[in-house]
>>> print(open('model_13.txt').read())   # compact mmCIF, C-alpha atoms (C1' of nucleotides)
# COMPACT_ATOMS: atom_id res chain seq x y z
CA MET A 185 182.01 114.24 63.39
CA VAL A 186 179.07 116.31 62.33
CA ARG A 187 177.39 113.02 61.48
CA ALA A 188 176.13 112.53 65.04
CA VAL A 189 172.54 113.22 63.99
CA PRO A 190 171.57 110.79 61.21
CA ASP A 191 169.08 113.18 59.55
CA THR A 192 167.03 110.38 58.05
CA HIS A 193 164.48 112.91 56.86
CA GLY A 194 167.00 114.65 54.62
CA GLU A 195 168.45 111.38 53.37
CA ILE A 196 165.03 110.19 52.31
CA LEU A 197 164.42 113.48 50.53
CA ALA A 198 167.72 113.24 48.66
CA ALA A 199 167.20 109.61 47.72
CA ALA A 200 163.69 110.36 46.48
CA ALA A 201 165.00 113.20 44.34
CA ARG A 202 167.57 110.91 42.76
CA GLN A 203 165.11 108.09 42.12
CA PHE A 204 162.35 110.36 40.81
CA THR A 205 164.86 111.88 38.39
CA VAL A 206 165.73 108.50 36.93
CA THR A 207 162.48 106.55 36.98
CA GLY A 208 159.87 109.27 37.49
CA TYR A 209 157.41 109.78 40.32
CA ARG A 210 155.06 107.00 39.35
CA GLY A 211 157.88 104.69 38.42
CA THR A 212 159.52 104.98 41.83
CA SER A 213 158.06 103.02 44.73
CA LEU A 214 158.46 103.86 48.41
CA GLN A 215 160.28 100.54 48.64
CA ASP A 216 162.85 101.79 46.11
CA ILE A 217 163.49 104.93 48.14
CA ALA A 218 163.73 102.98 51.40
CA ARG A 219 166.19 100.55 49.84
CA GLU A 220 168.50 103.36 48.70
CA VAL A 221 168.41 105.03 52.10
CA GLY A 222 168.90 101.74 53.89
CA CYS A 223 165.76 101.85 56.01
CA SER A 224 162.33 100.29 55.91
CA LYS A 225 159.41 101.54 53.86
CA ALA A 226 157.58 102.21 57.12
CA THR A 227 160.33 104.63 58.10
CA VAL A 228 159.79 106.62 54.92
CA LEU A 229 156.11 106.86 55.83
CA TYR A 230 157.01 107.85 59.37
CA HIS A 231 158.87 110.93 58.11
CA PHE A 232 156.38 111.80 55.36
CA ALA A 233 152.61 111.50 55.59
CA ASN A 234 152.46 109.87 52.16
CA LYS A 235 154.20 109.72 48.81
CA GLU A 236 152.61 112.94 47.63
CA ALA A 237 153.86 114.86 50.68
CA LEU A 238 157.37 113.70 49.84
CA LEU A 239 157.07 115.14 46.35
CA ALA A 240 155.55 118.36 47.65
CA GLU A 241 158.42 118.99 50.07
CA LEU A 242 160.87 118.23 47.28
CA MET A 243 159.28 120.80 45.01
CA ALA A 244 158.58 123.54 47.55
CA PRO A 245 161.67 125.71 46.94
CA ALA A 246 161.26 125.66 43.16
CA ILE A 247 157.58 126.48 43.45
CA GLU A 248 158.30 129.46 45.67
CA VAL A 249 160.70 130.89 43.10
CA LEU A 250 158.14 130.26 40.38
CA ARG A 251 155.56 132.19 42.38
CA SER A 252 157.88 135.16 42.81
CA LEU A 253 158.57 135.16 39.07
CA ASP A 254 154.83 135.22 38.54
CA ASP A 255 154.64 138.32 40.73
CA GLN A 256 157.36 140.06 38.75
CA LEU A 257 155.39 139.50 35.55
CA THR A 258 152.19 141.24 36.64
CA GLY A 259 151.65 144.44 34.70
CA LEU A 260 154.38 143.85 32.15
CA THR A 261 153.45 143.84 28.47
CA GLY A 262 155.03 143.21 25.10
CA ALA A 263 158.79 142.80 24.80
CA ALA A 264 159.36 143.65 28.45
CA ALA A 265 157.18 140.76 29.56
CA GLN A 266 158.96 138.46 27.12
CA GLU A 267 162.40 139.41 28.38
CA VAL A 268 161.55 139.08 32.07
CA ALA A 269 159.78 135.77 31.45
CA ALA A 270 162.66 134.37 29.41
CA GLN A 271 165.33 135.45 31.86
CA GLY A 272 163.33 134.41 34.91
CA PHE A 273 162.40 130.99 33.62
CA VAL A 274 165.86 130.18 32.31
CA ASP A 275 167.27 131.13 35.70
CA LEU A 276 164.72 128.99 37.49
CA ALA A 277 165.09 126.01 35.20
CA VAL A 278 168.88 125.96 35.43
CA ARG A 279 168.89 126.43 39.18
CA PHE A 280 166.29 123.75 39.83
CA ARG A 281 167.48 121.32 37.22
CA GLN A 282 166.84 118.27 39.37
CA GLU A 283 163.33 119.38 40.33
CA ILE A 284 162.55 119.97 36.68
CA ALA A 285 163.84 116.51 35.85
CA VAL A 286 161.58 115.02 38.50
CA LEU A 287 158.48 116.49 36.94
CA ARG A 288 159.58 115.47 33.46
CA GLY A 289 156.66 114.18 31.52
CA GLU A 290 154.40 113.63 34.48
CA PHE A 291 153.68 117.35 34.66
CA PRO A 292 149.96 117.22 33.78
CA GLU A 293 149.10 114.35 36.12
CA LEU A 294 151.16 115.64 39.01
CA LEU A 295 149.64 119.10 38.77
CA CYS A 296 146.25 117.61 39.56
CA GLN A 297 147.41 116.88 43.09
CA PRO A 298 146.18 119.39 45.66
CA ALA A 299 149.71 120.23 46.76
CA PHE A 300 150.31 121.84 43.36
CA ALA A 301 147.14 123.83 43.06
CA HIS A 302 147.41 126.96 40.92
CA ILE A 303 150.75 125.91 39.43
CA GLN A 304 149.00 125.27 36.16
CA GLU A 305 147.62 128.81 36.13
CA ILE A 306 151.03 130.26 36.93
CA SER A 307 152.72 128.39 34.11
CA ASP A 308 149.93 129.47 31.78
CA ARG A 309 150.58 133.10 32.70
CA LEU A 310 154.30 132.53 32.22
CA ARG A 311 153.68 131.13 28.77
CA ASP A 312 151.43 134.05 27.95
CA ALA A 313 154.10 136.52 29.04
CA LEU A 314 156.74 134.76 26.96
CA ALA A 315 154.41 135.20 24.00
CA GLY A 316 154.36 138.93 24.71
CA HIS A 317 150.66 138.57 25.58
CA SER A 318 150.03 138.19 21.87
CA ASP A 319 147.23 135.96 20.67
CA ARG A 320 148.92 135.15 17.38
CA PRO A 321 149.30 131.37 17.06
CA GLY A 322 152.94 131.74 16.11
CA ALA A 323 153.75 133.58 19.30
CA ARG A 324 151.83 131.16 21.48
CA ILE A 325 153.44 128.16 19.83
CA ALA A 326 156.92 129.62 20.15
CA ALA A 327 156.35 130.27 23.85
CA LEU A 328 155.25 126.71 24.52
CA VAL A 329 158.10 125.22 22.50
CA LEU A 330 160.57 127.30 24.49
CA LEU A 331 159.17 126.49 27.92
CA ALA A 332 158.96 122.77 27.22
CA GLY A 333 162.29 122.66 25.43
CA ILE A 334 164.16 124.59 28.10
CA SER A 335 162.78 122.27 30.78
CA GLU A 336 163.87 119.23 28.86
CA ALA A 337 167.30 120.67 28.16
CA CYS A 338 167.89 121.44 31.84
CA ALA A 339 166.89 117.93 32.80
CA GLU A 340 169.09 116.43 30.09
CA PHE A 341 172.30 118.43 30.23
CA ALA A 342 173.20 117.67 33.82
CA ASP A 343 176.92 117.89 33.07
CA ILE A 344 177.06 121.43 31.66
CA PRO A 345 177.98 124.18 34.15
CA ASP A 346 175.17 126.45 35.28
CA ASP A 347 176.56 129.62 33.72
CA GLU A 348 177.17 128.08 30.33
CA LEU A 349 173.75 126.47 30.17
CA ARG A 350 172.01 129.64 31.30
CA LEU A 351 173.76 131.76 28.69
CA ALA A 352 173.04 129.33 25.87
CA LEU A 353 169.38 129.01 26.79
CA LEU A 354 168.86 132.74 27.20
CA THR A 355 170.52 133.45 23.85
CA LEU A 356 168.33 130.85 22.22
CA ALA A 357 165.17 132.16 23.88
CA ARG A 358 165.83 135.73 22.72
CA ARG A 359 166.47 134.46 19.20
CA ALA A 360 163.42 132.20 19.10
CA VAL A 361 160.75 134.34 20.73
CA GLU A 362 158.40 135.92 18.23
CA PRO A 363 159.01 139.68 18.31
CA VAL A 364 155.96 141.74 19.27
CA ASP A 365 157.24 145.22 20.00
CA ALA A 366 160.20 146.63 18.20
CA PRO A 367 160.85 145.56 14.62
CA LEU A 368 157.47 144.29 13.51
CA PRO A 369 157.37 144.14 9.70
CA HIS A 370 153.56 144.16 9.50
CA GLN A 371 152.51 147.09 11.67
CA PRO A 372 153.70 148.97 14.74
CA THR A 373 152.00 147.98 17.96
CA THR A 374 150.04 150.70 19.68
CA GLU A 375 149.58 149.21 23.14
CA ASP A 376 153.07 149.90 24.53
CA LYS A 377 152.89 152.85 26.86
CA ASP A 378 156.30 153.06 28.52
CA SER A 379 159.86 153.15 27.25
CA MET B 97 126.18 98.92 6.43
CA VAL B 98 129.93 98.60 6.38
CA ARG B 99 129.79 97.95 10.09
CA ALA B 100 129.09 94.24 9.59
CA VAL B 101 132.55 93.29 10.83
CA PRO B 102 133.07 94.65 14.36
CA ASP B 103 136.86 95.10 13.98
CA THR B 104 137.55 94.78 17.69
CA HIS B 105 141.27 94.90 16.97
CA GLY B 106 141.03 98.38 15.53
CA GLU B 107 138.69 99.59 18.24
CA ILE B 108 141.12 98.49 20.92
CA LEU B 109 143.94 100.25 19.09
CA ALA B 110 141.96 103.48 18.86
CA ALA B 111 140.84 103.34 22.48
CA ALA B 112 144.40 102.68 23.62
CA ALA B 113 145.65 105.67 21.65
CA ARG B 114 143.06 107.90 23.27
CA GLN B 115 143.75 106.64 26.78
CA PHE B 116 147.54 106.72 26.42
CA THR B 117 147.28 110.32 25.22
CA VAL B 118 145.41 111.38 28.34
CA THR B 119 146.90 109.29 31.13
CA GLY B 120 150.12 108.02 29.58
CA TYR B 121 151.25 104.46 28.88
CA ARG B 122 151.98 103.54 32.48
CA GLY B 123 148.95 105.37 33.76
CA THR B 124 146.58 103.42 31.53
CA SER B 125 145.63 99.88 32.53
CA LEU B 126 144.41 97.16 30.20
CA GLN B 127 141.21 97.32 32.23
CA ASP B 128 140.77 100.98 31.28
CA ILE B 129 141.14 100.20 27.60
CA ALA B 130 138.76 97.25 27.79
CA ARG B 131 136.19 99.40 29.58
CA GLU B 132 136.26 102.05 26.87
CA VAL B 133 135.93 99.47 24.11
CA GLY B 134 133.22 97.64 26.00
CA CYS B 135 134.92 94.27 26.14
CA SER B 136 136.82 92.27 28.73
CA LYS B 137 140.47 92.68 29.57
CA ALA B 138 141.03 89.13 28.33
CA THR B 139 139.78 90.21 24.91
CA VAL B 140 142.39 92.93 24.74
CA LEU B 141 145.02 90.32 25.51
CA TYR B 142 143.52 88.02 22.91
CA HIS B 143 144.13 90.59 20.15
CA PHE B 144 147.53 91.74 21.45
CA ALA B 145 150.20 89.54 22.97
CA ASN B 146 150.74 92.02 25.79
CA LYS B 147 150.55 95.70 26.65
CA GLU B 148 153.88 96.43 25.01
CA ALA B 149 152.77 94.89 21.71
CA LEU B 150 149.77 97.20 21.75
CA LEU B 151 152.03 100.22 22.06
CA ALA B 152 154.38 98.92 19.39
CA GLU B 153 151.59 98.49 16.85
CA LEU B 154 150.34 101.96 17.71
CA MET B 155 153.73 103.49 17.06
CA ALA B 156 154.74 101.48 14.00
CA PRO B 157 153.69 103.99 11.28
CA ALA B 158 155.39 106.92 13.02
CA ILE B 159 158.54 104.91 13.57
CA GLU B 160 158.71 103.96 9.92
CA VAL B 161 158.55 107.62 8.89
CA LEU B 162 161.21 108.43 11.46
CA ARG B 163 163.46 105.77 9.97
CA SER B 164 163.04 107.15 6.46
CA LEU B 165 163.89 110.64 7.73
CA ASP B 166 167.01 109.15 9.27
CA ASP B 167 167.95 107.77 5.85
CA GLN B 168 167.48 111.16 4.21
CA LEU B 169 169.88 112.71 6.71
CA THR B 170 172.85 110.45 5.98
CA GLY B 171 175.64 112.36 4.30
CA LEU B 172 174.16 115.81 4.82
CA THR B 173 176.25 118.39 6.66
CA GLY B 174 175.93 121.92 7.98
CA ALA B 175 172.94 124.04 7.08
CA ALA B 176 171.59 121.45 4.64
CA ALA B 177 171.36 118.87 7.43
CA GLN B 178 169.70 121.42 9.68
CA GLU B 179 167.07 122.33 7.12
CA VAL B 180 166.19 118.74 6.21
CA ALA B 181 166.09 117.74 9.88
CA ALA B 182 163.88 120.68 10.82
CA GLN B 183 161.48 120.22 7.94
CA GLY B 184 161.35 116.45 8.29
CA PHE B 185 160.79 116.43 12.02
CA VAL B 186 158.17 119.17 11.97
CA ASP B 187 156.32 117.25 9.26
CA LEU B 188 156.53 114.04 11.26
CA ALA B 189 155.53 115.62 14.55
CA VAL B 190 152.51 117.38 13.10
CA ARG B 191 151.39 114.33 11.18
CA PHE B 192 151.75 111.96 14.11
CA ARG B 193 150.54 114.33 16.77
CA GLN B 194 148.67 111.67 18.69
CA GLU B 195 151.57 109.23 18.66
CA ILE B 196 153.86 111.98 19.93
CA ALA B 197 151.38 112.73 22.68
CA VAL B 198 151.37 109.07 23.70
CA LEU B 199 155.11 109.03 24.25
CA ARG B 200 155.01 112.32 26.09
CA GLY B 201 157.33 112.21 29.04
CA GLU B 202 157.70 108.46 29.14
CA PHE B 203 160.11 108.61 26.22
CA PRO B 204 163.23 107.38 28.03
CA GLU B 205 161.53 104.48 29.81
CA LEU B 206 159.54 103.36 26.79
CA LEU B 207 162.59 103.37 24.56
CA CYS B 208 164.15 100.71 26.74
CA GLN B 209 161.58 98.23 25.48
CA PRO B 210 162.90 95.87 22.77
CA ALA B 211 160.18 96.95 20.33
CA PHE B 212 161.81 100.39 20.14
CA ALA B 213 165.40 99.34 19.78
CA HIS B 214 167.61 101.84 17.94
CA ILE B 215 165.00 104.60 18.19
CA GLN B 216 167.24 106.32 20.69
CA GLU B 217 170.14 106.27 18.25
CA ILE B 218 167.96 107.62 15.47
CA SER B 219 166.72 110.52 17.55
CA ASP B 220 170.29 111.21 18.63
CA ARG B 221 171.33 111.44 14.99
CA LEU B 222 168.34 113.67 14.29
CA ARG B 223 169.36 115.98 17.09
CA ASP B 224 172.91 116.01 15.81
CA ALA B 225 171.73 116.93 12.31
CA LEU B 226 169.54 119.74 13.67
CA ALA B 227 172.65 121.07 15.38
CA GLY B 228 174.36 121.11 11.99
CA HIS B 229 176.70 118.40 13.29
CA SER B 230 178.34 121.10 15.35
CA ASP B 231 179.80 120.24 18.74
CA ARG B 232 179.30 123.74 20.13
CA PRO B 233 177.16 123.50 23.29
CA GLY B 234 174.90 126.28 22.02
CA ALA B 235 174.06 124.36 18.89
CA ARG B 236 173.48 121.10 20.73
CA ILE B 237 171.30 122.78 23.32
CA ALA B 238 169.25 124.58 20.68
CA ALA B 239 168.67 121.31 18.84
CA LEU B 240 167.42 119.55 21.95
CA VAL B 241 165.20 122.44 22.98
CA LEU B 242 163.63 122.45 19.52
CA LEU B 243 163.04 118.70 19.30
CA ALA B 244 161.53 118.50 22.77
CA GLY B 245 159.56 121.70 22.38
CA ILE B 246 158.14 120.80 18.99
CA SER B 247 157.01 117.43 20.33
CA GLU B 248 155.30 119.04 23.27
CA ALA B 249 153.65 121.67 21.09
CA CYS B 250 152.26 119.05 18.72
CA ALA B 251 150.85 117.09 21.63
CA GLU B 252 149.38 120.22 23.18
CA PHE B 253 147.88 122.14 20.27
CA ALA B 254 145.45 119.49 19.11
CA ASP B 255 142.98 122.09 17.86
CA ILE B 256 145.23 123.98 15.44
CA PRO B 257 145.02 122.86 11.78
CA ASP B 258 147.97 120.86 10.46
CA ASP B 259 149.10 123.47 7.93
CA GLU B 260 149.09 126.33 10.36
CA LEU B 261 150.94 124.38 13.05
CA ARG B 262 153.52 123.11 10.57
CA LEU B 263 154.22 126.57 9.22
CA ALA B 264 154.56 128.12 12.68
CA LEU B 265 156.88 125.38 13.91
CA LEU B 266 159.06 125.45 10.81
CA THR B 267 159.38 129.24 10.98
CA LEU B 268 160.32 128.97 14.63
CA ALA B 269 162.83 126.20 14.00
CA ARG B 270 164.61 128.15 11.25
CA ARG B 271 164.74 131.19 13.50
CA ALA B 272 165.95 129.29 16.55
CA VAL B 273 168.53 126.93 15.10
CA GLU B 274 172.08 128.08 15.66
CA PRO B 275 173.52 129.02 12.25
CA VAL B 276 176.58 127.02 11.23
CA ASP B 277 177.14 127.76 7.55
CA ALA B 278 176.11 130.98 5.94
CA PRO B 279 176.09 134.24 7.92
CA LEU B 280 178.33 133.42 10.86
CA PRO B 281 179.38 136.70 12.51
CA HIS B 282 182.40 135.17 14.26
CA GLN B 283 184.21 133.32 11.51
CA PRO B 284 183.46 131.52 8.26
CA THR B 285 183.29 127.73 8.58
CA THR B 286 185.76 125.80 6.49
CA GLU B 287 184.18 122.36 6.58
CA ASP B 288 181.42 122.95 4.05
CA LYS B 289 182.42 121.27 0.82
CA ASP B 290 179.42 121.58 -1.48
CA SER B 291 177.16 124.40 -2.68
C1' DT C 120 125.68 66.70 11.42
C1' DC C 121 129.94 67.41 13.02
C1' DA C 122 134.79 69.25 13.38
C1' DG C 123 137.45 73.01 13.79
C1' DA C 124 138.73 77.85 13.62
C1' DC C 125 137.82 82.14 15.51
C1' DC C 126 136.28 85.32 19.04
C1' DC C 127 135.36 86.26 23.59
C1' DT C 128 134.85 85.75 28.70
C1' DG C 129 135.01 84.96 34.01
C1' DA C 130 137.83 83.29 37.25
C1' DC C 131 142.08 83.17 38.75
C1' DC C 132 147.34 83.93 39.48
C1' DG C 133 151.59 86.05 41.54
C1' DA C 134 153.60 90.45 42.08
C1' DT C 135 153.65 94.99 43.59
C1' DC C 136 151.64 99.11 44.98
C1' DG C 137 150.67 102.84 48.92
C1' DG C 138 149.52 102.73 53.45
C1' DT C 139 148.45 101.01 58.59
C1' DC C 140 149.60 99.33 63.06
C1' DA C 141 151.27 97.25 67.26
C1' DG C 142 155.32 96.87 69.26
C1' DA C 143 160.67 96.97 69.87
C1' DT C 144 164.57 100.10 70.88
C1' DG C 145 167.08 103.60 73.04
C1' DG C 146 168.21 107.94 75.02
C1' DA C 147 166.75 111.90 78.07
C1' DA C 148 164.22 113.61 82.07
C1' DG C 149 161.97 112.90 86.59
C1' DC D 95 164.49 102.79 88.24
C1' DT D 96 160.63 104.46 85.91
C1' DT D 97 158.44 107.22 82.50
C1' DC D 98 158.12 109.27 78.29
C1' DC D 99 158.86 110.25 73.62
C1' DA D 100 161.00 110.07 69.16
C1' DT D 101 162.53 106.73 65.97
C1' DC D 102 162.20 102.65 63.56
C1' DT D 103 160.51 98.05 62.03
C1' DG D 104 158.10 93.53 60.45
C1' DA D 105 153.90 91.95 59.48
C1' DC D 106 149.99 92.84 57.41
C1' DC D 107 146.05 95.09 54.56
C1' DG D 108 143.11 95.94 50.38
C1' DA D 109 143.59 97.38 45.75
C1' DT D 110 145.34 97.01 41.35
C1' DC D 111 148.53 95.59 38.04
C1' DG D 112 149.78 92.51 33.65
C1' DG D 113 148.96 88.12 32.30
C1' DT D 114 147.06 82.96 32.01
C1' DC D 115 143.70 79.50 31.22
C1' DA D 116 139.81 76.50 30.51
C1' DG D 117 135.81 76.77 28.41
C1' DG D 118 131.50 78.75 26.02
C1' DG D 119 129.34 80.66 21.81
C1' DT D 120 129.13 81.18 16.82
C1' DC D 121 130.05 80.62 12.17
C1' DT D 122 131.68 77.91 8.18
C1' DG D 123 132.98 74.27 5.24
C1' DA D 124 133.16 69.33 4.62
>>> encode(input="model_13.txt", output="structure tokens")
Amino acid sequence: MVRAVPDTHGEILAAAARQFTVTGYRGTSLQDIAREVGCSKATVLYHFANKEALLAELMAPAIEVLRSLDDQLTGLTGAAAQEVAAQGFVDLAVRFRQEIAVLRGEFPELLCQPAFAHIQEISDRLRDALAGHSDRPGARIAALVLLAGISEACAEFADIPDDELRLALLTLARRAVEPVDAPLPHQPTTEDKDS
Amino acid sequence: MVRAVPDTHGEILAAAARQFTVTGYRGTSLQDIAREVGCSKATVLYHFANKEALLAELMAPAIEVLRSLDDQLTGLTGAAAQEVAAQGFVDLAVRFRQEIAVLRGEFPELLCQPAFAHIQEISDRLRDALAGHSDRPGARIAALVLLAGISEACAEFADIPDDELRLALLTLARRAVEPVDAPLPHQPTTEDKDS
DNA sequence: TCAGACCCTGACCGATCGGTCAGATGGAAG
DNA sequence: CTTCCATCTGACCGATCGGTCAGGGTCTGA
């Protein structure tokens, strides 16, 4: 019996993740979470300072990976930035499917909370990288469509195996991203220094 | 002075659209809307039976266009279905940018309301058409990524002119959709009957 | 002048929200 | 046995939500 220690903290976290996925952060009350765990609402607030702290702890692992992806992107330009951004974000989105589903739709409001400071800037940089740091509207639009679409797909296709979903999304991303380096019909770019 | 008639009804509608766009349907209270209009909350509820009716009236034009697109799609298969779906949805999304922004994220919950019955089925058919009615996971995933991404882009890029946004999105959609008819590298499809 | 339709409002309602708090429980340490 | 601490709870709080209702003001047509 490993179940000697009840681990209420973890149970609350898991229940919150499930509820947030279905009804969203705002749409889930502390009462709902307590009911699913089988404890009182006061117990939930004993283990977590407040509702926001619960969400923050739920998102922490995904945010850490997002930060490390942001680090990998510094200095990259053109097609290299696009490829790393695409691969990194698809990986992240597939791996943290549930976390992505939690944020679904409430992204802008939730990012205002202090626990998620700078996440907006990171995702802006990610979008910029996926656009190959181009300022052409087409490239910027394609990058946003991909980031939003990939998030939604990961939240939606909960039944598809990780590997299959990752491959499909990466293939799609490479096909959909607006090319900036190699075969540009208009003019060759002059800002690529390496490779 | 055309402003003789105050048209409170229309003002409430416009204020609600603005507020819903920023803070979402759930995140906007009737009090908020009344404050922006400069009337009492009771006045809002005098002009609209309830909050849901307000949303329904706001969405009505967009929903009608969506229904007509659904009609156009019946009977189409393969690449033809994909092209009509892509063009029709991009048109709709660009034209009803604000309405799309209102639904942002709260799509699944809002669709449960009786005023939006069958909208889920219609958008499922639209997604299916964009996938060329293929059951390959790659095609289904690409279709969902595109629909979700295009919606998000239309809600986000409020400053880009209609024509430019439409062109960029349509170009992207044609590039990103998984091909089902014409130049399939693996094998020629046998289910296309016409053209 | 008066009746009635229309428009609008303040006061109020029950429900639910996130959050607080004093106190009950129970096991470990002295 | 007593003390202490972590865990947990019911009762309660103020705020806000969507929605109701009786009534006041204004305009119009008979």
>>> residues_around(input="model_13.txt", residues="D:DG118", least_positions_apart="6", cutoff="12 Å", atoms="only C-alpha atoms (C1' of nucleotides)", output="PyMOL selection string")
chain C and resi 126-129
>>> closest_residue(input="model_13.txt", among="B:Ala211, B:Ala152, B:Arg270, B:Phe203", to="A:Glu336", atoms="all atoms listed in the file")
B:Phe203
>>> interface_residues(input="model_13.txt", of="chain B", to="chain C", cutoff="9 Å", atoms="only C-alpha atoms (C1' of nucleotides)", output="PyMOL selection string")
chain B and resi 135-139+142
>>> closest_residue(input="model_13.txt", among="B:Leu266, B:Leu126, B:Leu165, B:Val133", to="chain D", atoms="only C-alpha atoms (C1' of nucleotides)")
B:Leu126
>>> closest_atom_pairs(input="model_13.txt", of="chain B", to="chain D", cutoff="8 Å", atoms="all atoms listed in the file", output="CSV")
residue,atom,partner,partner_atom,distance
B:Ser125,CA,D:DC111,C1',7.6
B:Leu126,CA,D:DG112,C1',7.9
B:Asn146,CA,D:DG113,C1',7.8
B:Lys147,CA,D:DG112,C1',7.7
>>> interface_residues(input="model_13.txt", of="chain B", to="chain A", cutoff="8 Å", atoms="all atoms listed in the file", output="JSON, numbers by chain")
{"B": [119, 200, 201, 202, 205, 233, 234, 237, 238, 240, 241, 242, 243, 244, 245, 246, 248, 249, 264, 265, 268, 269, 271, 272]}
>>> atom_distance(input="model_13.txt", atom1="atom CA of B:Phe212", atom2="atom CA of B:Pro157")
12.5 Å
>>> atom_distance(input="model_13.txt", atom1="atom CA of A:Val274", atom2="atom CA of A:Arg350")
6.3 Å
>>> residues_around(input="model_13.txt", residues="B:Ala111", least_positions_apart="2", cutoff="8 Å", atoms="only C-alpha atoms (C1' of nucleotides)", output="VMD selection string")
chain B and resid 107 to 109 113 to 115 129 132 to 133
>>> atom_distance(input="model_13.txt", atom1="atom CA of B:Glu160", atom2="atom CA of B:Asp259")
21.8 Å
>>> axis_aligned_box(input="model_13.txt", around="stretch 114-118 of chain D", padding_each_side="6 Å", output="AutoDock Vina command-line options")
--center_x 139.3 --center_y 79.7 --center_z 29.0 --size_x 27.6 --size_y 18.5 --size_z 18.0
>>> residues_around(input="model_13.txt", residues="A:Leu250", least_positions_apart="3", cutoff="8 Å", atoms="only C-alpha atoms (C1' of nucleotides)", output="ChimeraX atom specification")
/A:246-247,253-254,276,306
>>> residues_near_point(input="model_13.txt", point="(151.5, 106.5, 21.0)", cutoff="8 Å", atoms="all atoms listed in the file", output="NGL selection string")
:B and (113 or 116-117 or 151 or 154-155 or 194-199)
>>> closest_residue(input="model_13.txt", among="A:Arg281, A:Ala237, A:Ala339, A:Ser318", to="A:Gln297", atoms="only C-alpha atoms")
A:Ala237
